[in-house]
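S.K.: The structure's right below; bear with me while I get my questions together.
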Amino acid sequence: MEKKYIYLSVLLVVLALGLVILPGKDDPKETNPKLLLSSVTEKSRYLSADQITHRIIENDPTLLLIDLRPASQFKTFALPGSMNIPVDSILISTNIEIFNQPGKDKVFYANSDLTAEMAWMLCTRFSLKRIYVMKGGLNEWFQTIIETKSLPVTASSADMELQSFRIAARQFFTGAGPSTVAPGAGQSSEKVIVTRKAPGEKSGGGC
Amino acid sequence: MKYDGSNYLNPYLGGVILGTVLLLSFYISGRGLGASGAVKNTVAATVNVIAPRHVEESAYYSQFAGGEHSPMSNWLVYEVLGVLAGAFLSGILFNRLKLKVEHSPKITSRRRLLFALLGGLIFGFGTQLARGCTSGAALSGMAVLSLGGYITMVAIFGTAFGAAWIFRKNWI
Amino acid sequence: MIGPIVSSGLISPAWDNIFAVLLGMGFGFALESSGFSSSRKIIGTFFGYDFVVVKVFFTAAIVSSLGLLYLSSLGLLDYSQLYIQPTFLASAIFGGIIMGIGFAMGGFCPGTSLCAAAVGRIDGLIFFGGMFIGVFLFSESFPLFEKMYYSGSMGAKMINSVFGISPELFTFLLVLMAIGMFWGAGWIQNRVKKIEY
């Protein structure tokens, strides 16, 4: 029973124990495919154009809009306050860091649903939380907010409220009055105070 | 023949050195050390030179030689050359270079060499079946916690205990 | 630098062979300096008078297992890129048994026989030569063993998954077991009749 061997044995045990106790590397863990499928069918990831507009106007700090389109399109027009991360650079680790930010809802959008869905799928596979898709993308947003169609007279009061919200929003973004057909880019000069309507339940989802 | 144990490294130190070399091997090349693989490749290459068609048709040889394979330019072959060099170096350093047949005083050199030949033959056969030897399958396999590696290690040592007792006249 | 270095493309494949030689030198040196060029020293494990094989082998196994796992958890090594040999149950067992017999007869394994040959031991050289014959015999008679060769395939299975524990926990238990064996070996060695070799 030599002393040095006792020391060595203890050292070895400590080293091996350290390995067991040490926390593992922070790998982006892949989601179980079954869980992924149930998330896909759940549809809680969609936020409507109305909801997003609402939060933009109110400067909601928990909203982080991510524009997945190429930089050139982003420069032409983008939703106020949004970041440009072209979809092909979505998996760069610095961008993953952005998606990992706590306390914010990350909303993907592009011109239509397709790209945003893809990006959502990719991020959800890596177990990133609070990722959403703006339903219909910019196309639907335009149709809803900017090119608001006139309602039939028989519309419900809830619909009427939504309509006036949209018109006000249009003014917010484009500075145009209720009757003009909206141009594309935002040249708003006057801020319109929008009466806040209770938006009902918050969007489902979040984890 | 005198037991000059003072000349050998402390076995635990030797183990640490070996373990570190093994670790480096994985870190650098992504694979462990080995020895029997070089023998396999050499045999396959030799047969290929003599009878290339046979190599092509053989279900075994064709995996390592013939056609596109160039089995001699192979990691293991280089590694084996290194083993020879390293052992030679150690022999020089520790003054152990000596041409001799090492055997128990109770048997003759010839008997020892016969058993060495037979033992090598049988062992070589086994390495092919198990896809490796004590270095390649057992040791390197244990380093990455391979189940096959552990199984082979247990099989080798377990059997050797019994078999050594059977052949004990040769040794003690 | 994330290991394995060669597969991460930082070094060209030509260097791989150079490293093979260097690593082999380290391998050969470690073996020979520990005494593995002597067949009677190697066989001592099985008769209780010299446990050098157990000590070196298991020390190397735990050093490398611990080292690889630590490197992996520190992010310096991509464990998934390491070559883990596939498990074929039947051939692993029977091949091991056959090797055990050859081991007991010849007193060497391929690596150690090379070391012995390098320092002038003729029995090591003959053993290594015998291997060529054995490999040749197997290759020629392969069709007889083909079925066994491919049976019981479990892929690149890791032993800790058999017990349902993490690799780290398994290695810890292995360390405990190895230390137990080392102390046991020392105890036995002290009580066995001394042999001159």
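In the structure tokens, the first chain shown is A, the next is B, and so on; residue numbers restart at 1 for each chain, and ligands run from 1 in the order shown.
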Skipping near chain neighbours, those fewer than 6 positions away, what residues fall within 7 Å of stretch 39-45 of chain C using only C-alpha atoms, listed as number ranges by chain?
M.R.: B: 171; C: 51-53, 107-108, 197
S.K.: Mind writing the picked residues with C-alpha atoms as a PDB file, in the first residue's frame?
M.R.:
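Wrote again_11.pdb, looks like this:
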```
ATOM      1  CA  TRP B 171       6.034 -20.824 -19.528  1.00  0.00           C
TER       2      TRP B 171
ATOM      3  CA  PHE C  51       0.478  -8.111 -14.013  1.00  0.00           C
ATOM      4  CA  VAL C  52       2.051  -5.571 -16.315  1.00  0.00           C
ATOM      5  CA  VAL C  53      -0.502  -6.330 -19.024  1.00  0.00           C
ATOM      6  CA  GLY C 107       2.754 -15.137 -25.697  1.00  0.00           C
ATOM      7  CA  PHE C 108       2.275 -12.157 -27.957  1.00  0.00           C
ATOM      8  CA  TYR C 197      12.638 -14.138 -16.501  1.00  0.00           C
TER       9      TYR C 197
END
```
S.K.: Within 8 Å of stretch 117-127 of chain C, counting only C-alpha atoms, which residues qualify if same-chain residues fewer than 3 places away don't, as a ChimeraX atom specification?
M.R.: /B:84-85,87-88,91,96-102,112-113,116-121 /C:37,39,106,108,112-114,130-131
S.K.: Using only C-alpha atoms, which of the listed residues (B:Ala137, B:Leu76, B:Val16, B:Ile166) sits closest to chain A?
M.R.: B:Val16
S.K.: Compare A:Gly18, A:Pro86, A:Gly137, A:Pro80 by their minimum atom-to-atom distance to A:His54, counting only C-alpha atoms, and give me the closest one.
M.R.: A:Pro80
S.K.: According to DSSP computed on the backbone, where in chain C is there helix (DSSP H, G or I)? Give the residues as an mmCIF file with C-alpha atoms, in the first residue's frame.
M.R.:
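And here's result-v1.cif as it stands now:
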```cif
data_model
loop_
_atom_site.group_PDB
_atom_site.id
_atom_site.type_symbol
_atom_site.label_atom_id
_atom_site.label_comp_id
_atom_site.auth_asym_id
_atom_site.auth_seq_id
_atom_site.Cartn_x
_atom_site.Cartn_y
_atom_site.Cartn_z
ATOM 1 C CA PRO C 13 -4.714 14.144 -45.571
ATOM 2 C CA ALA C 14 -1.036 13.795 -46.418
ATOM 3 C CA TRP C 15 -0.204 14.765 -42.874
ATOM 4 C CA ASP C 16 -2.425 11.954 -41.672
ATOM 5 C CA ASN C 17 0.185 9.397 -42.693
ATOM 6 C CA ILE C 18 2.971 11.355 -41.078
ATOM 7 C CA PHE C 19 1.002 11.414 -37.867
ATOM 8 C CA ALA C 20 0.412 7.692 -38.280
ATOM 9 C CA VAL C 21 4.145 7.133 -38.108
ATOM 10 C CA LEU C 22 4.582 9.462 -35.145
ATOM 11 C CA LEU C 23 1.706 7.936 -33.251
ATOM 12 C CA GLY C 24 3.022 4.497 -34.040
ATOM 13 C CA MET C 25 6.371 5.504 -32.608
ATOM 14 C CA GLY C 26 4.704 6.618 -29.425
ATOM 15 C CA PHE C 27 2.793 3.355 -29.337
ATOM 16 C CA GLY C 28 5.884 1.223 -29.883
ATOM 17 C CA PHE C 29 7.922 3.174 -27.388
ATOM 18 C CA ALA C 30 5.278 2.962 -24.698
ATOM 19 C CA LEU C 31 4.888 -0.773 -25.198
ATOM 20 C CA GLU C 32 8.544 -1.667 -25.317
ATOM 21 C CA SER C 33 9.573 0.516 -22.420
ATOM 22 C CA SER C 34 6.885 -1.083 -20.279
ATOM 23 C CA SER C 39 6.771 -12.767 -23.970
ATOM 24 C CA ARG C 40 7.412 -14.228 -20.539
ATOM 25 C CA LYS C 41 6.651 -10.891 -18.954
ATOM 26 C CA ILE C 42 3.423 -10.617 -20.896
ATOM 27 C CA GLY C 44 2.928 -13.354 -16.353
ATOM 28 C CA THR C 45 -0.581 -12.016 -15.951
ATOM 29 C CA PHE C 46 -2.037 -15.427 -16.463
ATOM 30 C CA PHE C 47 0.211 -17.033 -13.879
ATOM 31 C CA VAL C 52 2.051 -5.571 -16.315
ATOM 32 C CA VAL C 53 -0.502 -6.330 -19.024
ATOM 33 C CA VAL C 54 -3.461 -5.530 -16.761
ATOM 34 C CA LYS C 55 -1.837 -2.390 -15.403
ATOM 35 C CA VAL C 56 -0.777 -0.914 -18.724
ATOM 36 C CA PHE C 57 -3.849 -1.977 -20.646
ATOM 37 C CA PHE C 58 -6.456 -0.705 -18.240
ATOM 38 C CA THR C 59 -4.560 2.455 -17.389
ATOM 39 C CA ALA C 60 -4.396 3.249 -21.081
ATOM 40 C CA ALA C 61 -8.088 2.458 -21.485
ATOM 41 C CA ILE C 62 -9.216 4.757 -18.682
ATOM 42 C CA VAL C 63 -6.819 7.555 -19.609
ATOM 43 C CA SER C 64 -8.054 7.554 -23.174
ATOM 44 C CA SER C 65 -11.730 7.133 -22.283
ATOM 45 C CA LEU C 66 -11.601 9.935 -19.723
ATOM 46 C CA GLY C 67 -9.570 12.111 -22.041
ATOM 47 C CA LEU C 68 -11.914 11.703 -24.984
ATOM 48 C CA LEU C 69 -14.996 12.385 -22.884
ATOM 49 C CA TYR C 70 -13.424 15.448 -21.272
ATOM 50 C CA LEU C 71 -12.334 16.828 -24.631
ATOM 51 C CA SER C 72 -15.825 16.258 -25.946
ATOM 52 C CA SER C 73 -17.542 17.973 -23.041
ATOM 53 C CA TYR C 79 -17.165 12.668 -30.439
ATOM 54 C CA SER C 80 -19.533 11.654 -33.209
ATOM 55 C CA GLN C 81 -16.653 11.764 -35.708
ATOM 56 C CA LEU C 89 -21.606 -10.361 -31.712
ATOM 57 C CA ALA C 90 -20.706 -13.845 -32.905
ATOM 58 C CA SER C 91 -17.455 -12.957 -34.598
ATOM 59 C CA ALA C 92 -16.367 -10.665 -31.773
ATOM 60 C CA ILE C 93 -16.758 -13.482 -29.278
ATOM 61 C CA PHE C 94 -15.340 -16.335 -31.317
ATOM 62 C CA GLY C 95 -12.567 -14.269 -32.789
ATOM 63 C CA GLY C 96 -11.637 -13.247 -29.279
ATOM 64 C CA ILE C 97 -11.618 -16.846 -28.083
ATOM 65 C CA ILE C 98 -9.374 -17.903 -30.942
ATOM 66 C CA MET C 99 -7.080 -15.003 -30.253
ATOM 67 C CA GLY C 100 -6.945 -15.968 -26.611
ATOM 68 C CA ILE C 101 -5.680 -19.412 -27.561
ATOM 69 C CA GLY C 102 -3.105 -17.955 -29.893
ATOM 70 C CA PHE C 103 -2.080 -15.531 -27.168
ATOM 71 C CA ALA C 104 -1.525 -18.284 -24.668
ATOM 72 C CA MET C 105 0.488 -20.303 -27.134
ATOM 73 C CA GLY C 106 2.599 -17.559 -28.566
ATOM 74 C CA PRO C 110 0.442 -8.310 -33.018
ATOM 75 C CA GLY C 111 1.566 -5.010 -31.506
ATOM 76 C CA THR C 112 3.814 -6.568 -28.885
ATOM 77 C CA SER C 113 5.293 -9.059 -31.331
ATOM 78 C CA LEU C 114 6.359 -6.104 -33.457
ATOM 79 C CA CYS C 115 8.025 -4.519 -30.451
ATOM 80 C CA ALA C 116 9.790 -7.753 -29.654
ATOM 81 C CA ALA C 117 10.930 -8.149 -33.235
ATOM 82 C CA ALA C 118 12.235 -4.581 -33.250
ATOM 83 C CA ILE C 122 13.289 -13.924 -32.773
ATOM 84 C CA ASP C 123 10.211 -15.444 -31.195
ATOM 85 C CA GLY C 124 8.437 -12.147 -31.739
ATOM 86 C CA LEU C 125 9.422 -12.131 -35.356
ATOM 87 C CA ILE C 126 8.222 -15.690 -35.859
ATOM 88 C CA PHE C 127 4.939 -14.904 -34.159
ATOM 89 C CA PHE C 128 4.377 -11.975 -36.478
ATOM 90 C CA GLY C 129 5.252 -14.143 -39.448
ATOM 91 C CA GLY C 130 2.796 -16.770 -38.260
ATOM 92 C CA MET C 131 0.093 -14.128 -38.320
ATOM 93 C CA PHE C 132 0.457 -13.693 -42.033
ATOM 94 C CA ILE C 133 -0.247 -17.381 -42.521
ATOM 95 C CA GLY C 134 -3.229 -17.212 -40.231
ATOM 96 C CA VAL C 135 -4.679 -14.189 -42.010
ATOM 97 C CA PHE C 136 -4.140 -15.906 -45.327
ATOM 98 C CA LEU C 137 -5.869 -19.043 -44.118
ATOM 99 C CA PHE C 138 -8.855 -17.088 -42.959
ATOM 100 C CA SER C 139 -9.113 -15.116 -46.169
ATOM 101 C CA GLU C 140 -9.020 -18.254 -48.245
ATOM 102 C CA PHE C 142 -13.759 -17.074 -45.739
ATOM 103 C CA PRO C 143 -16.876 -18.599 -47.313
ATOM 104 C CA LEU C 144 -16.950 -21.106 -44.462
ATOM 105 C CA PHE C 145 -17.132 -18.342 -41.901
ATOM 106 C CA GLU C 146 -18.994 -15.742 -43.879
ATOM 107 C CA LYS C 147 -22.243 -16.302 -42.097
ATOM 108 C CA MET C 148 -20.730 -15.963 -38.657
ATOM 109 C CA TYR C 149 -18.682 -12.997 -39.779
ATOM 110 C CA TYR C 150 -21.751 -10.942 -40.513
ATOM 111 C CA ILE C 159 -21.208 -0.402 -24.115
ATOM 112 C CA ASN C 160 -22.813 2.117 -21.797
ATOM 113 C CA SER C 161 -26.040 1.934 -23.766
ATOM 114 C CA VAL C 162 -26.288 -1.756 -22.922
ATOM 115 C CA PHE C 163 -26.586 -0.798 -19.271
ATOM 116 C CA PRO C 167 -20.788 7.209 -21.110
ATOM 117 C CA GLU C 168 -19.461 9.357 -18.284
ATOM 118 C CA LEU C 169 -21.032 7.226 -15.613
ATOM 119 C CA PHE C 170 -19.769 4.068 -17.244
ATOM 120 C CA THR C 171 -16.252 5.436 -17.383
ATOM 121 C CA PHE C 172 -16.477 6.368 -13.718
ATOM 122 C CA LEU C 173 -17.475 2.821 -12.826
ATOM 123 C CA LEU C 174 -14.709 1.517 -15.069
ATOM 124 C CA VAL C 175 -12.203 3.640 -13.184
ATOM 125 C CA LEU C 176 -13.393 2.221 -9.888
ATOM 126 C CA MET C 177 -13.160 -1.304 -11.231
ATOM 127 C CA ALA C 178 -9.710 -0.725 -12.699
ATOM 128 C CA ILE C 179 -8.388 0.678 -9.428
ATOM 129 C CA GLY C 180 -9.773 -2.355 -7.683
ATOM 130 C CA MET C 181 -7.981 -4.595 -10.169
ATOM 131 C CA PHE C 182 -4.701 -2.738 -9.713
ATOM 132 C CA TRP C 183 -4.760 -3.162 -5.969
ATOM 133 C CA GLY C 184 -5.794 -6.782 -6.377
ATOM 134 C CA ALA C 185 -3.009 -7.402 -8.859
ATOM 135 C CA GLY C 186 -0.431 -6.001 -6.464
ATOM 136 C CA TRP C 187 -1.781 -8.176 -3.684
ATOM 137 C CA ILE C 188 -1.613 -11.345 -5.784
ATOM 138 C CA GLN C 189 1.796 -10.549 -7.168
ATOM 139 C CA ASN C 190 3.218 -10.293 -3.690
ATOM 140 C CA ARG C 191 2.030 -13.758 -2.808
#
```
S.K.: Starting from chain B, keep only residues with some atom at most 12 Å from an atom of chain A, counting only C-alpha atoms, and report them as a compact mmCIF listing (two decimals) with C-alpha atoms, in the first residue's frame.
M.R.:
```
# COMPACT_ATOMS: atom_id res chain seq x y z
CA ASN B 10 6.58 1.84 -14.08
CA TYR B 12 1.17 2.82 -14.72
CA LEU B 13 3.40 5.40 -16.32
CA VAL B 16 -0.54 6.79 -19.11
```
S.K.: I want to know what sits within 9 Å of A:Tyr109, based on only C-alpha atoms, with residues of the same chain fewer than 3 positions away left out; could you give that as a tab-separated table (two decimals) with N, CA and C atoms, in the first residue's frame?
M.R.:
```tsv
chain	number	residue	atom	x	y	z
A	65	LEU	N	-39.53	41.29	-34.83
A	65	LEU	CA	-39.90	40.89	-36.18
A	65	LEU	C	-38.64	40.54	-36.97
A	66	ILE	N	-38.70	39.42	-37.66
A	66	ILE	CA	-37.54	39.02	-38.45
A	66	ILE	C	-37.94	38.87	-39.90
A	67	ASP	N	-37.34	39.68	-40.72
A	67	ASP	CA	-37.62	39.67	-42.16
A	67	ASP	C	-36.66	38.70	-42.83
A	68	LEU	N	-37.22	37.65	-43.44
A	68	LEU	CA	-36.37	36.60	-44.00
A	68	LEU	C	-35.99	36.84	-45.44
A	69	ARG	N	-36.41	37.95	-46.00
A	69	ARG	CA	-36.19	38.14	-47.42
A	69	ARG	C	-34.78	38.67	-47.67
A	112	SER	N	-44.61	35.60	-48.51
A	112	SER	CA	-45.78	34.76	-48.24
A	112	SER	C	-45.41	33.82	-47.10
A	113	ASP	N	-46.19	32.77	-46.96
A	113	ASP	CA	-46.00	31.87	-45.82
A	113	ASP	C	-44.80	30.97	-45.94
A	115	THR	N	-41.55	30.71	-46.89
A	115	THR	CA	-40.21	30.88	-46.30
A	115	THR	C	-40.28	30.92	-44.79
A	116	ALA	N	-41.29	31.63	-44.29
A	116	ALA	CA	-41.40	31.75	-42.85
A	116	ALA	C	-41.68	30.40	-42.20
A	117	GLU	N	-42.48	29.59	-42.87
A	117	GLU	CA	-42.76	28.26	-42.33
A	117	GLU	C	-41.49	27.44	-42.25
A	132	TYR	N	-42.57	32.39	-34.02
A	132	TYR	CA	-43.90	32.49	-34.63
A	132	TYR	C	-43.78	32.82	-36.10
A	133	VAL	N	-44.91	32.64	-36.77
A	133	VAL	CA	-44.99	32.96	-38.19
A	133	VAL	C	-46.12	33.96	-38.37
A	134	MET	N	-45.83	35.04	-39.11
A	134	MET	CA	-46.92	35.96	-39.41
A	134	MET	C	-47.70	35.38	-40.57
A	135	LYS	N	-48.96	35.08	-40.29
A	135	LYS	CA	-49.73	34.34	-41.30
A	135	LYS	C	-49.92	35.16	-42.55
A	136	GLY	N	-49.60	34.52	-43.67
A	136	GLY	CA	-49.84	35.21	-44.94
A	136	GLY	C	-48.71	36.11	-45.37
A	137	GLY	N	-47.78	36.34	-44.45
A	137	GLY	CA	-46.63	37.15	-44.82
A	137	GLY	C	-47.01	38.57	-45.17
A	138	LEU	N	-46.09	39.22	-45.87
A	138	LEU	CA	-46.31	40.61	-46.22
A	138	LEU	C	-47.49	40.78	-47.16
```
S.K.: Going by DSSP on the backbone, which bits of stretch 42-175 of chain C are strand (DSSP E or B)? Write them as number ranges by chain, please.
M.R.: C: 77, 87-88, 121, 153-155, 158
S.K.: Next, dump the selected residues to file, keeping only N, CA and C atoms, as a compact mmCIF listing (two decimals), in the first residue's frame.
M.R.:
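So again38.txt came out as:
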```txt
# COMPACT_ATOMS: atom_id res chain seq x y z
N LEU C 77 -13.66 18.40 -29.08
CA LEU C 77 -13.65 17.19 -29.89
C LEU C 77 -15.08 16.86 -30.28
N THR C 87 -20.18 -3.59 -33.96
CA THR C 87 -20.23 -4.81 -33.16
C THR C 87 -20.91 -5.91 -33.94
N PHE C 88 -20.19 -7.00 -34.12
CA PHE C 88 -20.79 -8.21 -34.68
C PHE C 88 -20.61 -9.28 -33.60
N ARG C 121 14.08 -9.91 -30.70
CA ARG C 121 13.57 -11.19 -30.21
C ARG C 121 13.04 -12.00 -31.38
N SER C 153 -25.12 -8.39 -36.03
CA SER C 153 -24.69 -7.03 -36.24
C SER C 153 -25.48 -6.07 -35.36
N MET C 154 -24.75 -5.25 -34.58
CA MET C 154 -25.45 -4.28 -33.73
C MET C 154 -25.02 -2.85 -34.07
N GLY C 155 -24.31 -2.70 -35.17
CA GLY C 155 -23.87 -1.36 -35.50
C GLY C 155 -22.78 -0.90 -34.55
N MET C 158 -22.32 1.38 -28.34
CA MET C 158 -21.44 1.70 -27.23
C MET C 158 -21.87 0.93 -26.00
```
S.K.: At what distance in Å, to one decimal, does atom CA of B:Gly124 lie from atom CA of B:Trp165?
M.R.: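 Going from atom CA of B:Trp165 over to atom CA of B:Gly124, I get 21.1 Å.
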S.K.: Using only C-alpha atoms for the distances, tell me which of C:Tyr49, C:Pro4, C:Ser12, C:Ser166 is nearest to chain A.
M.R.: C:Ser166
